[in-house]
$ cat model.cif   # mmCIF, C-alpha atoms and all ligand atoms
data_entry
#
loop_
_atom_site.label_atom_id
_atom_site.label_comp_id
_atom_site.auth_asym_id
_atom_site.auth_seq_id
_atom_site.Cartn_x
_atom_site.Cartn_y
_atom_site.Cartn_z
CA MET A 1087 53.75 -43.06 105.00
CA THR A 1088 50.56 -41.17 105.86
CA PRO A 1089 51.30 -37.48 105.95
CA SER A 1090 50.49 -35.82 109.24
CA PRO A 1091 47.12 -34.06 109.00
CA ASN A 1092 48.62 -31.07 110.77
CA ARG A 1093 49.64 -28.37 108.34
CA GLU A 1094 50.46 -25.83 111.00
CA LEU A 1095 53.89 -27.34 111.32
CA PRO A 1096 55.45 -26.65 107.91
CA GLU A 1097 58.79 -28.20 108.91
CA LEU A 1098 57.09 -31.54 109.64
CA ALA A 1099 55.09 -31.31 106.42
CA GLU A 1100 58.28 -30.68 104.43
CA LEU A 1101 60.04 -33.59 106.13
CA GLU A 1102 57.15 -35.90 105.26
CA ARG A 1103 57.21 -34.70 101.63
CA ILE A 1104 60.95 -35.42 101.44
CA ILE A 1105 60.40 -38.89 102.93
CA GLU A 1106 57.64 -39.57 100.44
CA GLU A 1107 59.52 -38.27 97.40
CA GLY A 1108 62.67 -40.03 98.53
CA ALA A 1109 61.00 -43.41 99.09
CA GLY A 1110 63.40 -46.16 98.09
CA LEU A 1111 66.37 -43.88 98.80
CA PHE A 1112 65.67 -42.46 102.24
CA THR A 1113 64.49 -44.86 104.95
CA ALA A 1114 62.30 -43.27 107.62
CA ARG A 1115 61.04 -44.55 110.93
CA THR A 1116 59.15 -43.00 113.81
CA VAL A 1117 61.38 -43.15 116.87
CA CYS A 1118 58.93 -41.57 119.28
CA GLU A 1119 55.59 -39.82 119.33
CA VAL A 1120 54.71 -36.65 121.15
CA SER A 1121 51.20 -35.71 122.27
CA VAL A 1122 50.27 -32.11 122.75
CA ASP A 1123 46.89 -30.33 122.80
CA GLN A 1124 45.05 -33.33 121.25
CA GLN A 1125 47.67 -33.53 118.52
CA ARG A 1126 50.11 -36.35 117.99
CA PHE A 1127 53.44 -35.71 116.29
CA PRO A 1128 55.95 -38.29 115.11
CA VAL A 1129 59.68 -37.78 115.66
CA TYR A 1130 61.37 -39.22 112.60
CA ALA A 1131 64.82 -40.63 112.07
CA VAL A 1132 65.74 -40.86 108.40
CA THR A 1133 68.73 -42.72 107.02
CA LEU A 1134 70.50 -42.79 103.69
CA GLY A 1135 73.53 -44.66 102.39
CA ASN A 1136 75.30 -47.83 103.33
CA PRO A 1137 74.23 -49.33 106.72
CA ASP A 1138 77.45 -51.39 107.09
CA PRO A 1139 78.63 -50.59 110.67
CA THR A 1140 82.29 -50.65 109.65
CA LEU A 1141 81.71 -47.50 107.57
CA PRO A 1142 81.65 -43.90 108.85
CA ALA A 1143 78.47 -41.89 109.46
CA VAL A 1144 77.24 -38.34 109.85
CA GLY A 1145 74.16 -37.41 111.86
CA TYR A 1146 72.26 -34.19 111.14
CA PHE A 1147 70.02 -32.95 113.94
CA GLY A 1148 67.76 -29.93 114.37
CA GLY A 1149 64.73 -28.64 116.19
CA PHE A 1150 65.73 -29.56 119.75
CA HIS A 1151 64.46 -26.11 120.68
CA GLY A 1152 60.95 -25.41 119.40
CA LEU A 1153 61.63 -21.72 118.80
CA GLU A 1154 64.65 -22.30 116.59
CA ARG A 1155 62.85 -23.25 113.40
CA ILE A 1156 65.80 -22.20 111.27
CA GLY A 1157 67.80 -25.14 112.72
CA SER A 1158 65.25 -27.64 111.38
CA GLU A 1159 65.03 -25.76 108.10
CA VAL A 1160 68.78 -25.86 107.50
CA VAL A 1161 68.73 -29.67 107.82
CA LEU A 1162 65.63 -29.96 105.63
CA VAL A 1163 67.19 -27.82 102.90
CA TYR A 1164 70.22 -30.10 102.93
CA MET A 1165 68.00 -33.20 102.72
CA ARG A 1166 66.06 -31.64 99.84
CA SER A 1167 69.35 -30.85 98.08
CA LEU A 1168 70.56 -34.46 98.52
CA LEU A 1169 67.24 -35.72 97.15
CA ALA A 1170 67.68 -33.56 94.05
CA ARG A 1171 71.31 -34.67 93.61
CA LEU A 1172 70.39 -38.34 93.95
CA ARG A 1173 68.64 -37.98 90.59
CA TRP A 1174 71.80 -36.97 88.70
CA ASP A 1175 74.94 -36.87 90.84
CA SER A 1176 76.89 -40.09 90.38
CA LEU A 1177 79.65 -38.88 92.73
CA LEU A 1178 77.05 -38.62 95.50
CA HIS A 1179 75.92 -42.17 94.77
CA ARG A 1180 79.52 -43.29 95.00
CA GLU A 1181 79.98 -41.41 98.27
CA LEU A 1182 76.92 -43.16 99.74
CA GLU A 1183 78.40 -46.56 98.95
CA THR A 1184 80.89 -45.95 101.76
CA LEU A 1185 78.96 -43.60 104.04
CA ARG A 1186 75.86 -43.61 106.24
CA LEU A 1187 73.82 -40.43 106.74
CA VAL A 1188 71.32 -40.07 109.57
CA PHE A 1189 68.82 -37.22 109.89
CA MET A 1190 66.63 -36.06 112.78
CA PRO A 1191 65.64 -32.57 111.64
CA LEU A 1192 62.73 -32.14 114.02
CA VAL A 1193 63.52 -33.52 117.47
CA ASN A 1194 60.95 -31.43 119.36
CA PRO A 1195 57.83 -31.12 117.17
CA GLY A 1196 55.61 -30.51 120.22
CA GLY A 1197 57.66 -27.48 121.24
CA MET A 1198 57.77 -26.20 117.69
CA TRP A 1199 54.02 -26.54 117.34
CA ARG A 1200 53.48 -24.66 120.59
CA GLY A 1201 56.18 -22.11 119.92
CA THR A 1202 58.24 -22.93 122.99
CA ARG A 1203 61.92 -23.67 123.44
CA ALA A 1204 61.12 -26.62 125.75
CA ASN A 1205 59.16 -29.75 124.88
CA PRO A 1206 55.47 -29.95 125.85
CA SER A 1207 56.44 -31.10 129.37
CA GLY A 1208 58.40 -27.90 129.85
CA VAL A 1209 61.77 -29.62 129.68
CA ASP A 1210 64.69 -28.08 127.78
CA LEU A 1211 66.00 -31.02 125.75
CA MET A 1212 69.51 -29.53 125.78
CA ARG A 1213 69.55 -29.54 129.61
CA ASN A 1214 67.93 -32.94 130.07
CA ALA A 1215 70.76 -35.48 129.82
CA PRO A 1216 72.22 -37.03 132.99
CA VAL A 1217 75.37 -34.86 133.06
CA ASP A 1218 76.12 -32.39 135.85
CA ALA A 1219 78.46 -29.50 135.20
CA ARG A 1220 81.77 -29.82 137.03
CA GLU A 1221 82.16 -26.07 137.44
CA PRO A 1222 79.65 -23.29 138.19
CA VAL A 1223 77.10 -22.66 135.41
CA PRO A 1224 75.37 -19.35 134.69
CA PHE A 1225 72.23 -18.90 136.80
CA MET A 1226 69.14 -20.36 135.06
CA VAL A 1227 70.67 -20.55 131.56
CA GLY A 1228 72.99 -23.34 132.66
CA GLY A 1229 69.98 -25.52 133.51
CA GLN A 1230 67.64 -25.40 136.54
CA ARG A 1231 65.37 -27.74 138.48
CA ILE A 1232 63.23 -25.03 140.07
CA SER A 1233 60.26 -25.32 137.71
CA GLY A 1234 59.14 -26.43 134.28
CA GLY A 1235 57.34 -23.10 134.09
CA LEU A 1236 60.70 -21.38 133.77
CA PRO A 1237 63.12 -21.72 130.87
CA TRP A 1238 66.13 -24.07 130.82
CA TYR A 1239 64.34 -26.65 133.00
CA ARG A 1240 66.31 -29.91 133.29
CA GLY A 1241 63.35 -32.10 134.31
CA PRO A 1242 62.89 -33.75 137.74
CA LEU A 1243 65.97 -35.12 139.51
CA ASN A 1244 66.65 -38.79 138.73
CA ALA A 1245 63.75 -38.97 136.25
CA PRO A 1246 64.38 -40.80 132.98
CA MET A 1247 65.23 -38.60 130.03
CA GLU A 1248 62.35 -37.13 128.05
CA ALA A 1249 61.14 -39.33 125.19
CA GLU A 1250 62.61 -36.99 122.54
CA SER A 1251 66.06 -36.91 124.21
CA GLN A 1252 65.99 -40.68 124.68
CA ALA A 1253 65.04 -41.13 121.02
CA VAL A 1254 68.09 -39.12 119.95
CA CYS A 1255 70.31 -41.17 122.26
CA ASN A 1256 68.89 -44.42 120.87
CA VAL A 1257 69.42 -43.37 117.26
CA VAL A 1258 73.00 -42.25 117.97
CA ALA A 1259 73.74 -45.43 119.96
CA GLU A 1260 72.38 -47.62 117.21
CA GLU A 1261 73.41 -45.80 114.07
CA MET A 1262 76.61 -44.00 114.99
CA LEU A 1263 78.48 -45.16 118.09
CA PRO A 1264 79.31 -48.67 116.81
CA ARG A 1265 81.20 -47.18 113.85
CA PRO A 1266 84.92 -46.49 113.70
CA PHE A 1267 84.21 -42.84 112.91
CA SER A 1268 81.16 -40.62 113.08
CA LEU A 1269 80.31 -36.94 113.17
CA ALA A 1270 77.13 -35.29 114.36
CA VAL A 1271 75.95 -31.74 113.79
CA ASP A 1272 73.07 -30.28 115.72
CA CYS A 1273 71.67 -27.00 114.35
CA HIS A 1274 70.62 -24.21 116.72
CA SER A 1275 70.18 -20.44 116.62
CA GLY A 1276 69.95 -17.60 119.05
CA PHE A 1277 73.45 -16.97 120.40
CA GLY A 1278 75.59 -14.00 119.42
CA VAL A 1279 76.29 -12.37 116.07
CA LEU A 1280 78.64 -14.96 114.57
CA ASP A 1281 77.97 -18.48 113.29
CA ARG A 1282 79.72 -20.85 115.65
CA ILE A 1283 80.68 -24.50 115.50
CA TRP A 1284 80.85 -25.87 118.98
CA PHE A 1285 82.33 -29.12 120.15
CA PRO A 1286 82.19 -30.66 123.68
CA TYR A 1287 82.43 -30.11 126.48
CA ALA A 1288 79.56 -27.99 127.75
CA HIS A 1289 79.74 -29.32 131.30
CA THR A 1290 83.39 -28.50 132.00
CA ALA A 1291 86.12 -26.21 130.74
CA ALA A 1292 88.43 -29.24 130.52
CA PRO A 1293 89.38 -30.36 126.98
CA ILE A 1294 87.97 -33.52 125.41
CA GLU A 1295 90.16 -36.50 124.74
CA GLN A 1296 89.80 -36.22 120.95
CA LEU A 1297 90.92 -32.61 120.77
CA ALA A 1298 93.55 -33.37 118.13
CA GLU A 1299 90.92 -34.89 115.85
CA VAL A 1300 88.63 -31.86 116.18
CA HIS A 1301 91.55 -29.57 115.43
CA ALA A 1302 92.46 -31.62 112.37
CA LEU A 1303 88.86 -31.35 111.13
CA LYS A 1304 88.94 -27.59 111.65
CA SER A 1305 92.27 -27.40 109.78
CA ILE A 1306 91.00 -29.16 106.66
CA PHE A 1307 87.85 -27.01 106.75
CA ASP A 1308 89.92 -23.80 107.03
CA GLU A 1309 92.17 -24.89 104.18
CA THR A 1310 89.28 -25.94 101.94
CA TYR A 1311 86.95 -23.00 102.61
CA ALA A 1312 89.24 -20.00 102.93
CA HIS A 1313 87.48 -16.95 104.41
CA HIS A 1314 84.59 -18.95 105.84
CA SER A 1315 82.92 -17.09 108.68
CA TYR A 1316 82.50 -19.80 111.32
CA VAL A 1317 84.08 -19.59 114.75
CA PHE A 1318 85.18 -23.09 115.75
CA GLU A 1319 85.48 -23.53 119.54
CA PRO A 1320 84.55 -25.69 122.53
CA GLN A 1321 81.14 -24.71 123.87
CA SER A 1322 82.74 -24.21 127.29
CA ARG A 1323 84.43 -21.08 125.95
CA GLN A 1324 81.02 -19.38 125.86
CA TYR A 1325 79.11 -20.87 128.78
CA LEU A 1326 78.81 -24.08 130.76
CA THR A 1327 75.58 -26.05 131.15
CA HIS A 1328 74.18 -29.08 132.90
CA GLY A 1329 72.49 -31.81 130.93
CA ASP A 1330 74.00 -31.37 127.45
CA VAL A 1331 72.96 -34.40 125.41
CA TRP A 1332 76.10 -34.26 123.20
CA ASP A 1333 78.39 -34.30 126.23
CA HIS A 1334 76.42 -37.31 127.44
CA LEU A 1335 76.73 -39.14 124.12
CA TYR A 1336 80.39 -38.20 123.73
CA GLN A 1337 81.07 -39.69 127.16
CA GLN A 1338 79.12 -42.82 126.23
CA ALA A 1339 81.19 -43.17 123.07
CA SER A 1340 84.42 -42.74 125.04
CA ALA A 1341 83.34 -45.34 127.59
CA GLN A 1342 82.78 -48.03 124.95
CA PRO A 1343 85.08 -51.03 125.13
CA ALA A 1344 87.23 -50.52 122.07
CA PRO A 1345 88.32 -53.48 120.01
CA ALA A 1346 89.36 -50.83 117.51
CA PRO A 1347 89.53 -47.08 118.22
CA ARG A 1348 86.15 -45.44 117.69
CA ILE A 1349 85.73 -41.75 117.26
CA PHE A 1350 82.48 -39.83 117.67
CA LEU A 1351 82.68 -36.06 117.33
CA PRO A 1352 79.42 -34.26 118.05
CA LEU A 1353 79.33 -30.66 116.80
CA THR A 1354 76.75 -27.93 117.22
CA LEU A 1355 76.08 -25.30 114.59
CA GLU A 1356 74.97 -22.25 116.57
CA MET A 1357 73.73 -19.69 114.04
CA GLY A 1358 74.35 -16.16 115.26
CA SER A 1359 70.93 -14.53 115.22
CA TRP A 1360 71.65 -11.21 116.89
CA LEU A 1361 72.79 -9.79 113.57
CA TRP A 1362 69.36 -10.55 112.10
CA ILE A 1363 67.90 -8.45 114.88
CA LYS A 1364 70.42 -5.67 114.42
CA LYS A 1365 69.43 -5.44 110.77
CA ASN A 1366 65.73 -5.60 111.67
CA PRO A 1367 65.11 -4.41 115.24
CA ARG A 1368 61.37 -5.10 114.88
CA GLN A 1369 62.29 -8.77 115.33
CA LEU A 1370 62.79 -8.05 119.01
CA PHE A 1371 59.03 -7.80 119.36
CA SER A 1372 58.40 -11.22 117.85
CA ARG A 1373 59.10 -14.34 119.83
CA HIS A 1374 60.11 -16.20 116.67
CA GLY A 1375 62.09 -13.24 115.45
CA ILE A 1376 64.84 -13.50 118.01
CA PHE A 1377 65.70 -16.98 116.80
CA ASN A 1378 64.83 -16.89 113.11
CA PRO A 1379 65.42 -14.54 110.21
CA LEU A 1380 62.03 -12.98 109.42
CA ILE A 1381 62.85 -11.42 106.07
CA ALA A 1382 62.67 -13.85 103.16
CA HIS A 1383 65.93 -12.90 101.47
CA ARG A 1384 67.80 -13.11 104.76
CA GLN A 1385 66.30 -16.52 105.48
CA GLN A 1386 67.29 -17.75 102.01
CA ARG A 1387 70.82 -16.51 102.58
CA VAL A 1388 71.02 -18.36 105.90
CA LEU A 1389 69.64 -21.57 104.41
CA ARG A 1390 72.04 -21.38 101.47
CA ARG A 1391 75.09 -20.44 103.50
CA HIS A 1392 75.27 -23.61 105.58
CA LEU A 1393 74.88 -26.14 102.76
CA SER A 1394 78.60 -26.31 102.08
CA TRP A 1395 79.36 -26.85 105.77
CA LEU A 1396 76.85 -29.72 105.97
CA ASP A 1397 78.22 -31.25 102.80
CA PHE A 1398 81.78 -30.83 104.04
CA LEU A 1399 80.88 -33.00 107.05
CA ALA A 1400 79.68 -35.82 104.78
CA ARG A 1401 82.82 -35.67 102.66
CA SER A 1402 85.21 -35.40 105.58
CA ALA A 1403 83.55 -38.31 107.41
CA ASN A 1404 83.68 -40.38 104.25
CA ALA A 1405 87.41 -39.71 103.93
CA TYR A 1406 88.32 -39.71 107.63
CA GLN A 1407 91.26 -42.02 107.14
CA ARG A 1408 92.92 -39.45 104.90
CA TRP A 1409 93.02 -36.63 107.44
CA LEU A 1410 92.71 -38.06 110.96
CA PRO A 1411 96.09 -37.42 112.56
CA SER A 1412 98.26 -40.15 114.02
CA GLY A 1413 101.73 -40.38 115.54
CA ASP A 1414 103.55 -37.04 115.76
CA ALA A 1415 100.73 -35.21 113.98
CA LEU A 1416 98.36 -36.23 116.76
CA ALA A 1417 100.55 -34.57 119.39
CA GLU A 1418 101.06 -31.51 117.18
CA HIS A 1419 97.33 -31.02 116.62
CA ARG A 1420 96.65 -31.42 120.32
CA ALA A 1421 99.30 -28.86 121.20
CA MET A 1422 97.90 -26.38 118.66
CA ALA A 1423 94.37 -26.96 119.94
CA LEU A 1424 95.37 -26.44 123.58
CA LYS A 1425 97.06 -23.20 122.65
CA LEU A 1426 94.19 -21.97 120.49
CA TRP A 1427 91.23 -22.88 122.68
CA TYR A 1428 92.55 -23.44 126.19
CA ARG A 1429 95.44 -20.96 126.29
CA ARG A 1430 97.69 -23.76 127.42
CA THR A 1431 101.24 -24.33 126.37
CA PRO A 1432 102.13 -27.97 126.74
CA ALA A 1433 105.13 -28.69 128.95
ZN ZN A 1501 68.99 -24.15 120.68
#
$ encode --input "model.cif" --output "structure tokens" --more "lines below"
Ligand SMILES: [Zn+2]
Amino acid sequence: MTPSPNRELPELAELERIIEEGAGLFTARTVCEVSVDQQRFPVYAVTLGNPDPTLPAVGYFGGFHGLERIGSEVVLVYMRSLLARLRWDSLLHRELETLRLVFMPLVNPGGMWRGTRANPSGVDLMRNAPVDAREPVPFMVGGQRISGGLPWYRGPLNAPMEAESQAVCNVVAEEMLPRPFSLAVDCHSGFGVLDRIWFPYAHTAAPIEQLAEVHALKSIFDETYAHHSYVFEPQSRQYLTHGDVWDHLYQQASAQPAPAPRIFLPLTLEMGSWLWIKKNPRQLFSRHGIFNPLIAHRQQRVLRRHLSWLDFLARSANAYQRWLPSGDALAEHRAMALKLWYRRTPA
């Protein structure tokens, strides 16, 4: 692997160092390339663990939005931690015998290099998938086709997806959807004061089919990490959008002909950044500051805090057969979830 000559993108440099140091353990491939201002950036997909498609998988994604560097960094810190553990942790080696891990920590390197939320074509990669909201979305924020010069641009009507979005869809379709069980987590920042874990849908306030499974995952997380500070909820509880790539992939997974039931649960980690600003109002005057902790100790705390959540996903996916509900438990979890998130009491 030839390291990228560009050192102005530290997240890409760190990813390439991890790939190089993890050679023989991590497998990396370039799934698309992005040109911007005479620069060319690779978008990498990195895999680890057993490729057998009958085994479960977890996908870790970050950097869809070029301003949210902390999202990429959280995934990179987890990859770095796995690399260190691979040298001594025999339980991790055993876990990887029955688990596949997939990483795309830097989906939008062009946007990150330029310091924009969108990709270099001005498209917001989280508004770019072919999904239209079923109910009214907030003006602009929900996705717009007025202009790529304005934020939250979806791209032209009926155009193919942007190369970066398509690359994510290809990796998920190839590495995750064929499996009986897979989880994805996509790391973002910039919304609210609390750390949130969102699950689909973003395009409608209606519940997903696998609501019981999400609720069961939340339950084992709550029981295992008492007093954690995440708010687990459907994204639709906060705001609806057009073009959410995880809604699109979730729908693709649901539409698969199923010889055996397949479950794909895409989650978003939305790190609450407004607290960082409250503690350091000067961040308001920095474009990066609204989305990233600027003070070193705060950044370290953020990077450290999410490691257990990311590791929990690997362990829970690996052991999905132990906690996925069935029979009466399935109906009970669904009823609890409807009450908790949709204020519905089942008849
Ligand atoms: Zn984002």
$ atom_distance --input "model.cif" --atom1 "CA of Ala1143 (chain A)" --atom2 "CA of Phe1267 (chain A)"
6.8 Å
$ residues_around --input "model.cif" --residues "region 1368-1384 of chain A" --least-positions-apart "2" --cutoff "7 Å" --atoms "only C-alpha atoms" --output "mmCIF file with C-alpha atoms, in the coordinates of the input"
data_model
loop_
_atom_site.group_PDB
_atom_site.id
_atom_site.type_symbol
_atom_site.label_atom_id
_atom_site.label_comp_id
_atom_site.auth_asym_id
_atom_site.auth_seq_id
_atom_site.Cartn_x
_atom_site.Cartn_y
_atom_site.Cartn_z
ATOM 1 C CA LEU A 1153 61.630 -21.720 118.800
ATOM 2 C CA GLU A 1154 64.650 -22.300 116.590
ATOM 3 C CA ARG A 1155 62.850 -23.250 113.400
ATOM 4 C CA ILE A 1156 65.800 -22.200 111.270
ATOM 5 C CA SER A 1275 70.180 -20.440 116.620
ATOM 6 C CA GLY A 1276 69.950 -17.600 119.050
ATOM 7 C CA SER A 1359 70.930 -14.530 115.220
ATOM 8 C CA TRP A 1362 69.360 -10.550 112.100
ATOM 9 C CA ILE A 1363 67.900 -8.450 114.880
ATOM 10 C CA ASN A 1366 65.730 -5.600 111.670
ATOM 11 C CA GLN A 1386 67.290 -17.750 102.010
ATOM 12 C CA ARG A 1387 70.820 -16.510 102.580
ATOM 13 C CA VAL A 1388 71.020 -18.360 105.900
#
$ residues_near_ligand --input "model.cif" --ligand "ligand ZN 1501 (chain A)" --cutoff "10 Å" --atoms "only C-alpha atoms and all ligand atoms" --output "list of chain:residue names"
A:Gly1148, A:Gly1149, A:Phe1150, A:His1151, A:Gly1152, A:Leu1153, A:Glu1154, A:Arg1155, A:Gly1157, A:Arg1203, A:Ala1204, A:Asp1210, A:Leu1211, A:Met1212, A:Asp1272, A:Cys1273, A:His1274, A:Ser1275, A:Gly1276, A:Phe1277, A:Thr1354, A:Leu1355, A:Glu1356, A:Met1357, A:Phe1377
$ atom_distance --input "model.cif" --atom1 "CA of Tyr1164 (chain A)" --atom2 "CA of Arg1323 (chain A)"
28.5 Å
$ residues_near_point --input "model.cif" --point "(82.7, -25.0, 123.9)" --cutoff "6 Å" --atoms "all atoms listed in the file" --output "PDB file with C-alpha atoms, in the frame of the given file"
ATOM      1  CA  TRP A1284      80.850 -25.870 118.980  1.00  0.00           C
ATOM      2  CA  PHE A1285      82.330 -29.120 120.150  1.00  0.00           C
ATOM      3  CA  PRO A1286      82.190 -30.660 123.680  1.00  0.00           C
ATOM      4  CA  TYR A1287      82.430 -30.110 126.480  1.00  0.00           C
ATOM      5  CA  ALA A1288      79.560 -27.990 127.750  1.00  0.00           C
ATOM      6  CA  GLU A1319      85.480 -23.530 119.540  1.00  0.00           C
ATOM      7  CA  PRO A1320      84.550 -25.690 122.530  1.00  0.00           C
ATOM      8  CA  GLN A1321      81.140 -24.710 123.870  1.00  0.00           C
ATOM      9  CA  SER A1322      82.740 -24.210 127.290  1.00  0.00           C
ATOM     10  CA  ARG A1323      84.430 -21.080 125.950  1.00  0.00           C
TER      11      ARG A1323
END
$ closest_residue --input "model.cif" --among "A:Val1209, A:Ile1105, A:Leu1178, A:Ala1302" --to "Glu1418 (chain A)" --atoms "only C-alpha atoms"
A:Ala1302
$ atom_distance --input "model.cif" --atom1 "CA of Ser1340 (chain A)" --atom2 "CA of Val1132 (chain A)"
25.1 Å
$ closest_residue --input "model.cif" --among "A:Arg1390, A:Arg1348, A:Arg1401, A:Arg1265" --to "Phe1307 (chain A)" --atoms "all atoms listed in the file"
A:Arg1401
$ closest_residue --input "model.cif" --among "A:Ala1312, A:Leu1185, A:Leu1389, A:Ala1341" --to "Tyr1406 (chain A)" --atoms "all atoms listed in the file"
A:Leu1185
$ residues_near_point --input "model.cif" --point "(63.5, -36.3, 96.3)" --cutoff "6 Å" --atoms "all atoms listed in the file" --output "JSON list (two decimals) with C-alpha atoms, keeping the file's coordinate frame"
[["chain", "number", "residue", "atom", "x", "y", "z"],
["A", 1104, "ILE", "CA", 60.95, -35.42, 101.44],
["A", 1107, "GLU", "CA", 59.52, -38.27, 97.40],
["A", 1108, "GLY", "CA", 62.67, -40.03, 98.53],
["A", 1169, "LEU", "CA", 67.24, -35.72, 97.15],
["A", 1170, "ALA", "CA", 67.68, -33.56, 94.05]]
$ closest_residue --input "model.cif" --among "A:Cys1255, A:Val1122, A:Ala1405, A:Leu1410" --to "Glu1181 (chain A)" --atoms "all atoms listed in the file"
A:Ala1405
$ build_atoms --input "model.cif" --residues "region 1362-1377 of chain A" --atoms "N, CA and C atoms" --output "PDB file, keeping the file's coordinate frame"
ATOM      1  N   TRP A1362      70.666 -10.667 112.780  1.00  0.00           N
ATOM      2  CA  TRP A1362      69.360 -10.550 112.100  1.00  0.00           C
ATOM      3  C   TRP A1362      68.528  -9.480 112.788  1.00  0.00           C
ATOM      4  N   ILE A1363      68.673  -9.429 114.113  1.00  0.00           N
ATOM      5  CA  ILE A1363      67.900  -8.450 114.880  1.00  0.00           C
ATOM      6  C   ILE A1363      68.456  -7.054 114.662  1.00  0.00           C
ATOM      7  N   LYS A1364      69.782  -6.971 114.617  1.00  0.00           N
ATOM      8  CA  LYS A1364      70.420  -5.670 114.420  1.00  0.00           C
ATOM      9  C   LYS A1364      69.969  -5.063 113.101  1.00  0.00           C
ATOM     10  N   LYS A1365      69.838  -5.949 112.085  1.00  0.00           N
ATOM     11  CA  LYS A1365      69.430  -5.440 110.770  1.00  0.00           C
ATOM     12  C   LYS A1365      67.929  -5.191 110.724  1.00  0.00           C
ATOM     13  N   ASN A1366      67.184  -5.751 111.673  1.00  0.00           N
ATOM     14  CA  ASN A1366      65.730  -5.600 111.670  1.00  0.00           C
ATOM     15  C   ASN A1366      65.238  -5.600 113.117  1.00  0.00           C
ATOM     16  N   PRO A1367      65.405  -4.452 113.803  1.00  0.00           N
ATOM     17  CA  PRO A1367      65.110  -4.410 115.240  1.00  0.00           C
ATOM     18  C   PRO A1367      63.666  -4.776 115.585  1.00  0.00           C
ATOM     19  N   ARG A1368      62.763  -4.710 114.609  1.00  0.00           N
ATOM     20  CA  ARG A1368      61.370  -5.100 114.880  1.00  0.00           C
ATOM     21  C   ARG A1368      61.283  -6.561 115.319  1.00  0.00           C
ATOM     22  N   GLN A1369      62.301  -7.353 114.954  1.00  0.00           N
ATOM     23  CA  GLN A1369      62.290  -8.770 115.330  1.00  0.00           C
ATOM     24  C   GLN A1369      62.264  -8.949 116.848  1.00  0.00           C
ATOM     25  N   LEU A1370      62.778  -7.960 117.559  1.00  0.00           N
ATOM     26  CA  LEU A1370      62.790  -8.050 119.010  1.00  0.00           C
ATOM     27  C   LEU A1370      61.396  -8.215 119.581  1.00  0.00           C
ATOM     28  N   PHE A1371      60.402  -7.743 118.847  1.00  0.00           N
ATOM     29  CA  PHE A1371      59.030  -7.800 119.360  1.00  0.00           C
ATOM     30  C   PHE A1371      58.308  -9.074 118.945  1.00  0.00           C
ATOM     31  N   SER A1372      59.004  -9.953 118.230  1.00  0.00           N
ATOM     32  CA  SER A1372      58.400 -11.220 117.850  1.00  0.00           C
ATOM     33  C   SER A1372      59.179 -12.343 118.501  1.00  0.00           C
ATOM     34  N   ARG A1373      58.458 -13.221 119.152  1.00  0.00           N
ATOM     35  CA  ARG A1373      59.100 -14.340 119.830  1.00  0.00           C
ATOM     36  C   ARG A1373      59.928 -15.176 118.856  1.00  0.00           C
ATOM     37  N   HIS A1374      59.382 -15.406 117.662  1.00  0.00           N
ATOM     38  CA  HIS A1374      60.110 -16.200 116.670  1.00  0.00           C
ATOM     39  C   HIS A1374      61.273 -15.424 116.086  1.00  0.00           C
ATOM     40  N   GLY A1375      61.121 -14.088 116.127  1.00  0.00           N
ATOM     41  CA  GLY A1375      62.090 -13.240 115.450  1.00  0.00           C
ATOM     42  C   GLY A1375      63.465 -13.258 116.062  1.00  0.00           C
ATOM     43  N   ILE A1376      63.534 -13.517 117.362  1.00  0.00           N
ATOM     44  CA  ILE A1376      64.840 -13.500 118.010  1.00  0.00           C
ATOM     45  C   ILE A1376      65.673 -14.696 117.545  1.00  0.00           C
ATOM     46  N   PHE A1377      64.996 -15.749 117.139  1.00  0.00           N
ATOM     47  CA  PHE A1377      65.700 -16.980 116.800  1.00  0.00           C
ATOM     48  C   PHE A1377      65.731 -17.292 115.314  1.00  0.00           C
TER      49      PHE A1377
END
